[in-house]
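What follows is a single structure, written as structure tokens, with notes after it.
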Amino acid sequence: MISSTSVWTFGGKEIELQNTNFKLKVGKMAEIAYEFSGGQAIVGELVQLSKVGKTDLPKRQSPNQRKYSEVRSREHLLLEEVEAMREAIKKRGGRHAHRDSTLILIIYRHGLRVEEAANLKWEQVNFASGNLHVRRIKRGTPSTQPLGGDEMRALRKLQREYPTSPYIFQSSRKGPLANDTIAGIIEKAGRLANLSFPIHPHMLRHGTGYYLANKGIDTRTIQAYLGHKNIQHTVRYTELAPERFKGLWDS
């Protein structure tokens, strides 16, 4: 419990918090994060708070809680944007350029979540048949998906560069890339490609659904490809696809 009157130091300044009885419901490794802004203490987003007494503390608004429309006009990436990101990585060069470029390619082609990409192992790749076995998280439906020729070439080269780990996308320590590392790679690629809006990793997965829907692929097939349990999660892509309106005004 935080006492009803507590003094906290923020950036060398002391402020007194009054009437701030909170019962902390902390998860596994949750921690208390306080920020000092405009003379008010704001409770960090890592803490779940159940109010016990009256408090004058305002609720903190995380940057991630801002309306998406304030940051970007859509939540999916287009094929040309994904290609621009990969080219920007290659142009920048560096030790892990091929790994990072291949990472973006595989995530986009197979609609992977960050954790699914991090957990990919070579045993899931069948070079003989040209297939990738995709294991989904969040109770998603697994599937075996075809690999394109460019994917096969990229993966073979990657295997030659990183031959000692069971994980496809590995760190310098030969373990799997951390989720945060993958997110950082993707976000940086967006900046390198000079995209006009900030991106996040899940925009690649959304881009997969949008691309397939715009090609006229039926919703059930997209659902199976992305591993959605509930088809309502898939319908959003067909709703966005402009191709469904093509020809409406043709004579």
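Labels used: A, B, ... for chains in the order of the structure tokens, numbers from 1 for residues in each chain, and numbers from 1 for ligands as shown.
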
Would you mind listing what lies within 10 Å of His110 in chain A as a PyMOL selection string, with only C-alpha atoms counted and same-chain residues fewer than 6 positions away left out? chain A and resi 117+132+134+145-147+204-205+208-209+225-226

Take the residues from that selection and put them in a file with N, CA and C atoms, as a short mmCIF file (atom, residue, chain, number, x, y, z; two decimals), in the first residue's frame.
```cif
data_model
loop_
_atom_site.label_atom_id
_atom_site.label_comp_id
_atom_site.auth_asym_id
_atom_site.auth_seq_id
_atom_site.Cartn_x
_atom_site.Cartn_y
_atom_site.Cartn_z
N ALA A 117 7.40 -15.14 -35.12
CA ALA A 117 8.65 -15.02 -35.88
C ALA A 117 9.85 -15.34 -35.00
N LEU A 132 6.64 -24.07 -45.25
CA LEU A 132 6.93 -23.59 -43.90
C LEU A 132 5.76 -23.97 -43.01
N VAL A 134 3.73 -23.18 -39.92
CA VAL A 134 3.51 -22.01 -39.08
C VAL A 134 2.76 -22.40 -37.83
N GLN A 145 2.40 -23.67 -45.05
CA GLN A 145 2.25 -22.70 -46.12
C GLN A 145 3.41 -22.79 -47.11
N PRO A 146 3.15 -22.56 -48.38
CA PRO A 146 4.21 -22.63 -49.39
C PRO A 146 5.18 -21.47 -49.26
N LEU A 147 6.44 -21.74 -49.55
CA LEU A 147 7.47 -20.71 -49.58
C LEU A 147 7.75 -20.31 -51.02
N LEU A 204 2.68 -5.30 -40.36
CA LEU A 204 3.07 -6.28 -41.39
C LEU A 204 2.01 -7.37 -41.50
N ARG A 205 1.56 -7.88 -40.36
CA ARG A 205 0.51 -8.92 -40.36
C ARG A 205 -0.79 -8.37 -40.95
N THR A 208 -0.55 -8.30 -44.63
CA THR A 208 -0.77 -9.60 -45.26
C THR A 208 -2.26 -9.80 -45.54
N GLY A 209 -3.08 -9.58 -44.52
CA GLY A 209 -4.52 -9.75 -44.68
C GLY A 209 -5.09 -8.82 -45.73
N TYR A 225 -5.21 -18.89 -43.38
CA TYR A 225 -3.82 -18.50 -43.62
C TYR A 225 -3.26 -17.72 -42.43
N LEU A 226 -4.07 -16.85 -41.85
CA LEU A 226 -3.62 -16.04 -40.71
C LEU A 226 -3.82 -16.75 -39.38
#
```

Once DSSP has gone over the backbone, tell me which residues of range 123-225 of chain A are in helix (DSSP H, G or I), as number ranges by chain. A: 123-124, 149-161, 179-192, 202-214, 219-225

Write out as a PyMOL selection string each polymer residue whose atoms come within 12 Å of range 149-162 of chain A, counting only C-alpha atoms; drop sequence neighbours fewer than 4 positions from it. chain A and resi 95-110+120-132+145+166-176
